[in-house]
Amino acid sequence: MTDLARDAWTVLRTEIRVRVRTVITDRRTLLGTASSLLLFGVLFPWFFRENVVSFGERAATGAVPLGPLGAAFATLAVVGVTVGASTGFGQETTGTVGPLVRTSVAPTAVSLARLASEVARGLTIFVLPAFAVLTFLGTGYGGPALPALLAAGALPVILAALLVGRLVGDAVRYLNLAVGVSLWVKAAVTVVVTLVFFVGTQALLFAGSADAGEGSESPLAAASLPPFLPGEPLQSYAGVVTSPVGGSPRAIGWAVGIVAVAAVPVALAAALRAETHLLFRETSAGDAGDAVAGTSGVPPPFTVGPGARVAWRYLLRTRRDPRILSHLMIVLFMGIGRLGNVVRDPGSIVHIGPPIAVIGGAVLAGATYCMNPLGDDVDQLPLLLTSAGSTSVLLHGRALAGVAVGLPLALGVGVPLAAVSESLLFAAWLAVLAVALVFGGAGVALGLGAVVPKFETREYMSVERPHPSNYVLFGYLLGATLVGGIGFLLVDRAASGAPGALVGVGWAVYLAVVGGAGLGGYVYAHRRFDDLSLDRF
């Protein structure tokens with residue numbers, strides 16, 4: 001083992017040990033991790049079990065369907081590029097690579113260890129689903145030959161995609177450090193690029209579905225990669241991979257395989273060189289354009305009380321430094337996933353816009369400022385806990401700041417779209433729902449943030465701060481979607497002329513539950529944070 005490999009393994013082993021200990025020593029983190037692995041690694045693949053088994057049975061007859069395999073390899077490539085780019089841009093390390101490590105370990109070894117650690121972390125959640133799918137495939141095929149071939153064929157595709165994606169993420173990270181533009185411009189570019197990527201992939205998927213035609217035996221069998229390149233290269237590559245069990249190899253398939261295998265060492269060398277260069281760059285570059293001279297007064301209606309004034313200061317702080325909203329990227333990723341039909345039918349935005357806007361407003365009201373109420377202010381906690389009689393003013397301020405972000409989206413976008421697509425009565429009931437969800441969501445988020453407060457700083461999306469727990473944020477998104485969906489059923493019943501007594505009882509129960517949950521979350525956060533002392537964080 002060379003010195004470079006030995007040093008890289010030492011750093012990597014330390015990173016892995018720290019991450020594992022972080023999970024197993026915290027019961028909440030351990031429970032959240034186990035739940036995520038169970039949900040995504042076992043239950044999610046089970047929904048596709050019949051389709052995968054059916055595919056294996058068809059392949060056992062000697063006629064391997066290359067269309068679905070091409071689509072599967074394309075999906076692996078997209079996942080690899082996405083994971084690689086996200087870990088390259090938002091590099092996340094357990095500790096700081098300080099002067100001691102930089103001077104005692106070769107920089108290339110540090111870069112190699114960090115790359116391996118972050119890629120392994122990004123792919124961990126996909127290991128169980130992949131194993132489950134290969135098991136189902138072997139069950140249908142009647143043996144391990146086909147799963148083994150596909151696993152071997154997928155390896156160069158996923159590795160090449162990961163490393164190419166890592167280079168893309170490194171390039172974006174470099175531009176983020178080097179380009180001296182406003183942080184808001186950088187944030188806007190990130191959102192636009194994400195949306196363009198989503199629209200492009202959705203357009204390709206819809207094209208593939210259209211090319212596959214109707215009447216297929218199963219959704220998996222209907223899946224295919226659109227022929228946007230000559231010779232449908234990934235299908236041809238699938239033919240090469242499956243040639244020992246009946247696949248039909250073609251020259252272009254061999255070319256794709258050679259390119260994928262050759263891309264791995266080339267991209268790895270380029271990524272290590274880029275990351276070694278980035279390892280020594282100052283992370284403060286490019287932020288000078290956001291310096292703010294002086295301060296601003298508090299405008300109406302934020303002058304009505306201390307909590308509202310605090311809310312304005314949080315909004316002003318966000319205007320000056322949008323990086324404090326970096327944890328909302330998961331909200332963006334989940335939100336745009338619900339807009340897939342808009343790519344196929346732009347006119348559908350009138351119908352799906354109201355639920356997305358209202359539920360999205362409730363999500364933003366809670367997720368923007370309330371998911372880690374005091375963690376964001378960890379640097380000021382000694383002052384706050386020794387000078388303020390209660391944390392209630394800060395909690396009020398965070399909740400009202402979140403409402404100021406979420407309510408305009410829910411009322412200003414969702415309600416007008418409902419008036420256009422449905423009726424004025426529907427829009428009026430929807431306004432009631434929007435107000436309840438937004439205010440209730442802010443209170444619930446405060447309670448969730450108090451259950452799992454995060455005072456330790458960590459790097460996420462190239463921002464180092466006490467980010468909220470991803471498990472809590474993900475759970476809040478699912479809960480808001482479920483509760484919001486129930487609310488829309490009530491709005492539909494009320495607007496369609498259902499019996500008045502039934503509607504009244506339904507609304508009374510619903511508003512009591514939503515309002516009670518919001519109030520309970522606030523009360524819990526208030527009591528928990530008022531009990532904090534300087535010795536407990």
# chains A, B, ... in the order shown; residues from 1 in each chain; ligands from 1
call {"tool": "residues_around", "arguments": {"residues": "A:Gly402", "least_positions_apart": "3", "cutoff": "9 Å", "atoms": "only C-alpha atoms", "output": "ChimeraX atom specification"}}
result
/A:311,315,362,364-370,397-399,405-407,438-439,442
call {"tool": "write_last_selection", "arguments": {"atoms": "C-alpha atoms", "output": "PDB file, in the first residue's frame"}}
result
ATOM      1  CA  ALA A 311     -39.408  39.142  13.006  1.00  0.00           C
ATOM      2  CA  LEU A 315     -36.097  39.084   7.580  1.00  0.00           C
ATOM      3  CA  ALA A 362     -47.346  26.389   5.335  1.00  0.00           C
ATOM      4  CA  LEU A 364     -42.110  27.785   4.394  1.00  0.00           C
ATOM      5  CA  ALA A 365     -43.788  29.342   7.438  1.00  0.00           C
ATOM      6  CA  GLY A 366     -42.415  26.551   9.605  1.00  0.00           C
ATOM      7  CA  ALA A 367     -39.227  25.536   7.849  1.00  0.00           C
ATOM      8  CA  THR A 368     -37.714  28.957   7.176  1.00  0.00           C
ATOM      9  CA  TYR A 369     -36.978  30.151  10.710  1.00  0.00           C
ATOM     10  CA  CYS A 370     -38.638  27.767  13.166  1.00  0.00           C
ATOM     11  CA  GLY A 397     -40.275  36.730  16.195  1.00  0.00           C
ATOM     12  CA  ARG A 398     -39.243  33.566  14.396  1.00  0.00           C
ATOM     13  CA  ALA A 399     -42.848  32.408  13.997  1.00  0.00           C
ATOM     14  CA  VAL A 405     -42.726  34.429   4.151  1.00  0.00           C
ATOM     15  CA  GLY A 406     -45.381  31.722   3.859  1.00  0.00           C
ATOM     16  CA  LEU A 407     -48.651  33.676   4.031  1.00  0.00           C
ATOM     17  CA  VAL A 438     -49.553  28.813   7.934  1.00  0.00           C
ATOM     18  CA  PHE A 439     -49.991  29.850  11.575  1.00  0.00           C
ATOM     19  CA  ALA A 442     -45.146  27.816  12.388  1.00  0.00           C
TER      20      ALA A 442
END
call {"tool": "residues_around", "arguments": {"residues": "A:Asp376", "least_positions_apart": "5", "cutoff": "10 Å", "atoms": "only C-alpha atoms", "output": "MDAnalysis selection string"}}
result
chainID A and resid 324 369:371 381 453:457 465:468
call {"tool": "atom_distance", "arguments": {"atom1": "atom CA of A:Ile352", "atom2": "atom CA of A:Phe44"}}
result
25.1 Å
call {"tool": "select_by_dssp", "arguments": {"residues": "stretch 403-508 of chain A", "states": "alpha helix (DSSP H)", "output": "ChimeraX atom specification"}}
result
/A:403-409,415-421,424-451,470-495,500-508
call {"tool": "select_by_dssp", "arguments": {"residues": "stretch 356-468 of chain A", "states": "strand (DSSP E or B)", "output": "list in words"}}
result
Arg458, Glu459, Tyr460, Val463, Glu464 and Arg465 of chain A
call {"tool": "write_last_selection", "arguments": {"atoms": "C-alpha atoms", "output": "PDB file, in the first residue's frame"}}
result
ATOM      1  CA  ARG A 458     -21.663  21.759  10.230  1.00  0.00           C
ATOM      2  CA  GLU A 459     -21.167  22.398   6.545  1.00  0.00           C
ATOM      3  CA  TYR A 460     -24.095  21.844   4.204  1.00  0.00           C
ATOM      4  CA  VAL A 463     -22.615  26.923   4.326  1.00  0.00           C
ATOM      5  CA  GLU A 464     -21.257  26.276   7.810  1.00  0.00           C
ATOM      6  CA  ARG A 465     -23.869  26.923  10.496  1.00  0.00           C
TER       7      ARG A 465
END
call {"tool": "closest_residue", "arguments": {"among": "A:Val363, A:Leu433, A:Ala269, A:Ala262", "to": "A:Pro156", "atoms": "only C-alpha atoms"}}
result
A:Ala262
call {"tool": "residues_around", "arguments": {"residues": "A:Val472", "least_positions_apart": "3", "cutoff": "8 Å", "atoms": "only C-alpha atoms", "output": "JSON, numbers by chain"}}
result
{"A": [371, 448, 449, 452, 468, 469, 475, 476]}
call {"tool": "residues_around", "arguments": {"residues": "A:Trp312", "least_positions_apart": "3", "cutoff": "12 Å", "atoms": "only C-alpha atoms", "output": "ChimeraX atom specification"}}
result
/A:296-309,315-319,394,396-405
call {"tool": "write_last_selection", "arguments": {"atoms": "C-alpha atoms", "output": "short mmCIF file (atom, residue, chain, number, x, y, z; two decimals), in the first residue's frame"}}
result
data_model
loop_
_atom_site.label_atom_id
_atom_site.label_comp_id
_atom_site.auth_asym_id
_atom_site.auth_seq_id
_atom_site.Cartn_x
_atom_site.Cartn_y
_atom_site.Cartn_z
CA SER A 296 -32.62 50.08 8.70
CA GLY A 297 -35.66 51.17 10.65
CA VAL A 298 -38.56 48.85 11.33
CA PRO A 299 -41.41 49.48 8.87
CA PRO A 300 -45.13 48.89 9.50
CA PRO A 301 -46.71 46.46 10.25
CA PHE A 302 -43.64 45.13 12.11
CA THR A 303 -43.88 47.95 14.66
CA VAL A 304 -46.86 46.49 16.51
CA GLY A 305 -44.84 44.74 19.21
CA PRO A 306 -41.50 43.27 20.29
CA GLY A 307 -42.12 39.95 18.54
CA ALA A 308 -42.92 41.67 15.25
CA ARG A 309 -39.79 43.81 15.53
CA LEU A 315 -36.10 39.08 7.58
CA LEU A 316 -33.49 41.83 7.31
CA ARG A 317 -30.78 39.38 8.29
CA THR A 318 -31.96 37.05 5.52
CA ARG A 319 -31.86 39.85 2.97
CA LEU A 394 -37.51 35.27 20.08
CA HIS A 396 -42.69 34.98 18.52
CA GLY A 397 -40.28 36.73 16.20
CA ARG A 398 -39.24 33.57 14.40
CA ALA A 399 -42.85 32.41 14.00
CA LEU A 400 -43.99 35.79 12.64
CA ALA A 401 -41.01 35.94 10.27
CA GLY A 402 -41.96 32.54 8.91
CA VAL A 403 -45.58 33.64 8.55
CA ALA A 404 -44.41 36.74 6.67
CA VAL A 405 -42.73 34.43 4.15
#
